[in-house]
Amino acid sequence: MISGLDFVAVPSRDPDRAREFYVDTLGLRPDEKARYEFWAGDTCFAIWDPERMGGGEFVPQRNAHIAFHVDDVEAARAELEAKGVEFLGETFDTGVCHMAFFRDPDGNDLMLHSRYKPRE
């Protein structure tokens, strides 16, 4: 029945501030036709204001971390920390991947992720 994933979205109280974070800080590619949509590889990533778009009260997305792929978590983390991004704890090593958790300016949970070996 489901044939794909069209986009992933997170809520924002200030879409322009969020756009700046996702484009200028994280480096996502802006969509040419939609101001609040961006591209992480082949995946569309969107921000929306639930209070202005009929979605109810704003609540940050928590505990469903959007995992942005990077080749080297430590290098990407250092680059983002230099831009003022604050990470939540140390980089986590699961035995098959590295993950570094952080939040966007609206408090939405995000992570840097890199798998370094197959799960057994």
# chains A, B, ... in the order shown; residues from 1 in each chain; ligands from 1
>>> select_by_dssp(residues="range 33-110 of chain A", states="strand (DSSP E or B)", output="JSON, numbers by chain")
{"A": [37, 38, 39, 40, 43, 44, 45, 46, 47, 48, 66, 67, 68, 69, 87, 92, 93, 97, 98, 99, 100, 101, 102, 103, 109, 110]}
>>> write_last_selection(atoms="N, CA and C atoms", output="PDB file, in the first residue's frame")
ATOM      1  N   GLU A  37      10.671  24.268   2.321  1.00  0.00           N
ATOM      2  CA  GLU A  37      11.043  22.884   2.030  1.00  0.00           C
ATOM      3  C   GLU A  37      12.495  22.860   1.578  1.00  0.00           C
ATOM      4  N   PHE A  38      13.196  21.795   1.986  1.00  0.00           N
ATOM      5  CA  PHE A  38      14.625  21.665   1.735  1.00  0.00           C
ATOM      6  C   PHE A  38      14.899  20.224   1.369  1.00  0.00           C
ATOM      7  N   TRP A  39      16.111  19.963   0.922  1.00  0.00           N
ATOM      8  CA  TRP A  39      16.477  18.617   0.503  1.00  0.00           C
ATOM      9  C   TRP A  39      17.705  18.136   1.251  1.00  0.00           C
ATOM     10  N   ALA A  40      17.590  16.937   1.797  1.00  0.00           N
ATOM     11  CA  ALA A  40      18.710  16.210   2.396  1.00  0.00           C
ATOM     12  C   ALA A  40      18.868  14.974   1.519  1.00  0.00           C
ATOM     13  N   THR A  43      15.610  13.215   0.056  1.00  0.00           N
ATOM     14  CA  THR A  43      14.478  13.344   0.966  1.00  0.00           C
ATOM     15  C   THR A  43      14.109  14.807   1.160  1.00  0.00           C
ATOM     16  N   CYS A  44      12.834  15.094   0.973  1.00  0.00           N
ATOM     17  CA  CYS A  44      12.330  16.444   1.202  1.00  0.00           C
ATOM     18  C   CYS A  44      12.100  16.629   2.700  1.00  0.00           C
ATOM     19  N   PHE A  45      12.572  17.740   3.216  1.00  0.00           N
ATOM     20  CA  PHE A  45      12.448  18.086   4.632  1.00  0.00           C
ATOM     21  C   PHE A  45      11.702  19.413   4.694  1.00  0.00           C
ATOM     22  N   ALA A  46      10.635  19.484   5.483  1.00  0.00           N
ATOM     23  CA  ALA A  46       9.803  20.683   5.526  1.00  0.00           C
ATOM     24  C   ALA A  46       9.633  21.188   6.949  1.00  0.00           C
ATOM     25  N   ILE A  47       9.392  22.484   7.058  1.00  0.00           N
ATOM     26  CA  ILE A  47       9.012  23.080   8.337  1.00  0.00           C
ATOM     27  C   ILE A  47       7.629  23.696   8.151  1.00  0.00           C
ATOM     28  N   TRP A  48       6.855  23.681   9.216  1.00  0.00           N
ATOM     29  CA  TRP A  48       5.505  24.245   9.147  1.00  0.00           C
ATOM     30  C   TRP A  48       5.130  24.852  10.488  1.00  0.00           C
ATOM     31  N   ILE A  66      15.143  13.056  13.740  1.00  0.00           N
ATOM     32  CA  ILE A  66      15.419  12.999  12.313  1.00  0.00           C
ATOM     33  C   ILE A  66      16.932  12.807  12.189  1.00  0.00           C
ATOM     34  N   ALA A  67      17.323  11.736  11.521  1.00  0.00           N
ATOM     35  CA  ALA A  67      18.735  11.366  11.436  1.00  0.00           C
ATOM     36  C   ALA A  67      19.320  11.858  10.121  1.00  0.00           C
ATOM     37  N   PHE A  68      20.140  12.897  10.201  1.00  0.00           N
ATOM     38  CA  PHE A  68      20.821  13.429   9.024  1.00  0.00           C
ATOM     39  C   PHE A  68      22.117  12.652   8.819  1.00  0.00           C
ATOM     40  N   HIS A  69      22.243  12.026   7.644  1.00  0.00           N
ATOM     41  CA  HIS A  69      23.447  11.246   7.342  1.00  0.00           C
ATOM     42  C   HIS A  69      24.638  12.163   7.099  1.00  0.00           C
ATOM     43  N   PHE A  87      25.128  20.421  21.301  1.00  0.00           N
ATOM     44  CA  PHE A  87      24.772  19.008  21.264  1.00  0.00           C
ATOM     45  C   PHE A  87      24.366  18.537  22.655  1.00  0.00           C
ATOM     46  N   PHE A  92      27.238   9.161  20.570  1.00  0.00           N
ATOM     47  CA  PHE A  92      26.864   7.818  21.003  1.00  0.00           C
ATOM     48  C   PHE A  92      27.299   6.804  19.953  1.00  0.00           C
ATOM     49  N   ASP A  93      27.942   5.732  20.403  1.00  0.00           N
ATOM     50  CA  ASP A  93      28.389   4.656  19.528  1.00  0.00           C
ATOM     51  C   ASP A  93      27.566   3.422  19.852  1.00  0.00           C
ATOM     52  N   CYS A  97      26.916   2.210  14.511  1.00  0.00           N
ATOM     53  CA  CYS A  97      26.811   3.577  14.000  1.00  0.00           C
ATOM     54  C   CYS A  97      27.151   4.584  15.098  1.00  0.00           C
ATOM     55  N   HIS A  98      27.445   5.806  14.644  1.00  0.00           N
ATOM     56  CA  HIS A  98      27.660   6.925  15.564  1.00  0.00           C
ATOM     57  C   HIS A  98      26.472   7.871  15.433  1.00  0.00           C
ATOM     58  N   MET A  99      26.035   8.433  16.565  1.00  0.00           N
ATOM     59  CA  MET A  99      24.931   9.380  16.582  1.00  0.00           C
ATOM     60  C   MET A  99      25.279  10.534  17.513  1.00  0.00           C
ATOM     61  N   ALA A 100      24.980  11.746  17.073  1.00  0.00           N
ATOM     62  CA  ALA A 100      25.183  12.938  17.890  1.00  0.00           C
ATOM     63  C   ALA A 100      23.868  13.717  17.889  1.00  0.00           C
ATOM     64  N   PHE A 101      23.289  13.892  19.073  1.00  0.00           N
ATOM     65  CA  PHE A 101      21.962  14.480  19.214  1.00  0.00           C
ATOM     66  C   PHE A 101      22.024  15.984  19.463  1.00  0.00           C
ATOM     67  N   PHE A 102      21.105  16.716  18.822  1.00  0.00           N
ATOM     68  CA  PHE A 102      20.999  18.161  19.009  1.00  0.00           C
ATOM     69  C   PHE A 102      19.567  18.580  18.706  1.00  0.00           C
ATOM     70  N   ARG A 103      19.279  19.858  18.883  1.00  0.00           N
ATOM     71  CA  ARG A 103      17.937  20.383  18.606  1.00  0.00           C
ATOM     72  C   ARG A 103      18.032  21.602  17.708  1.00  0.00           C
ATOM     73  N   ASP A 109      13.950  17.575  18.025  1.00  0.00           N
ATOM     74  CA  ASP A 109      15.064  16.647  18.156  1.00  0.00           C
ATOM     75  C   ASP A 109      15.608  16.234  16.793  1.00  0.00           C
ATOM     76  N   LEU A 110      16.931  16.329  16.660  1.00  0.00           N
ATOM     77  CA  LEU A 110      17.638  15.958  15.434  1.00  0.00           C
ATOM     78  C   LEU A 110      18.890  15.176  15.808  1.00  0.00           C
TER      79      LEU A 110
END
>>> select_by_dssp(residues="chain A", states="helix (DSSP H, G or I)", output="number ranges by chain")
A: 15-25, 73-82
>>> residues_around(residues="Lys83 in chain A", least_positions_apart="5", cutoff="10 Å", atoms="only C-alpha atoms", output="list in words")
Asp24, Thr25, Leu26, Arg77 and Ala78 of chain A
>>> closest_residue(among="A:Val96, A:Pro11, A:Pro118, A:Asn108", to="Gly54 in chain A", atoms="only C-alpha atoms")
A:Pro11
>>> atom_distance(atom1="CA of His113 in chain A", atom2="CA of Gln61 in chain A")
18.0 Å
>>> atom_distance(atom1="CA of Gly55 in chain A", atom2="CA of Gly41 in chain A")
27.4 Å
>>> residues_around(residues="Asp14 in chain A", least_positions_apart="3", cutoff="8 Å", atoms="only C-alpha atoms", output="PyMOL selection string")
chain A and resi 17-18+49+106
>>> closest_residue(among="A:Lys117, A:Arg35, A:Arg62, A:Arg52", to="Asp16 in chain A", atoms="only C-alpha atoms")
A:Arg35
>>> closest_residue(among="A:Leu112, A:Arg13, A:Gly27, A:Glu20", to="Val70 in chain A", atoms="only C-alpha atoms")
A:Leu112
>>> closest_residue(among="A:Val59, A:Val8, A:Met1, A:Ala76", to="Thr91 in chain A", atoms="only C-alpha atoms")
A:Ala76
>>> closest_residue(among="A:Leu88, A:Met111, A:Ala9, A:Ala34", to="Pro50 in chain A", atoms="only C-alpha atoms")
A:Ala9
>>> atom_distance(atom1="CA of Leu5 in chain A", atom2="CA of Asp31 in chain A")
16.7 Å
>>> closest_residue(among="A:Gly89, A:Gly107, A:Gly84, A:Gly56", to="Val10 in chain A", atoms="only C-alpha atoms")
A:Gly107
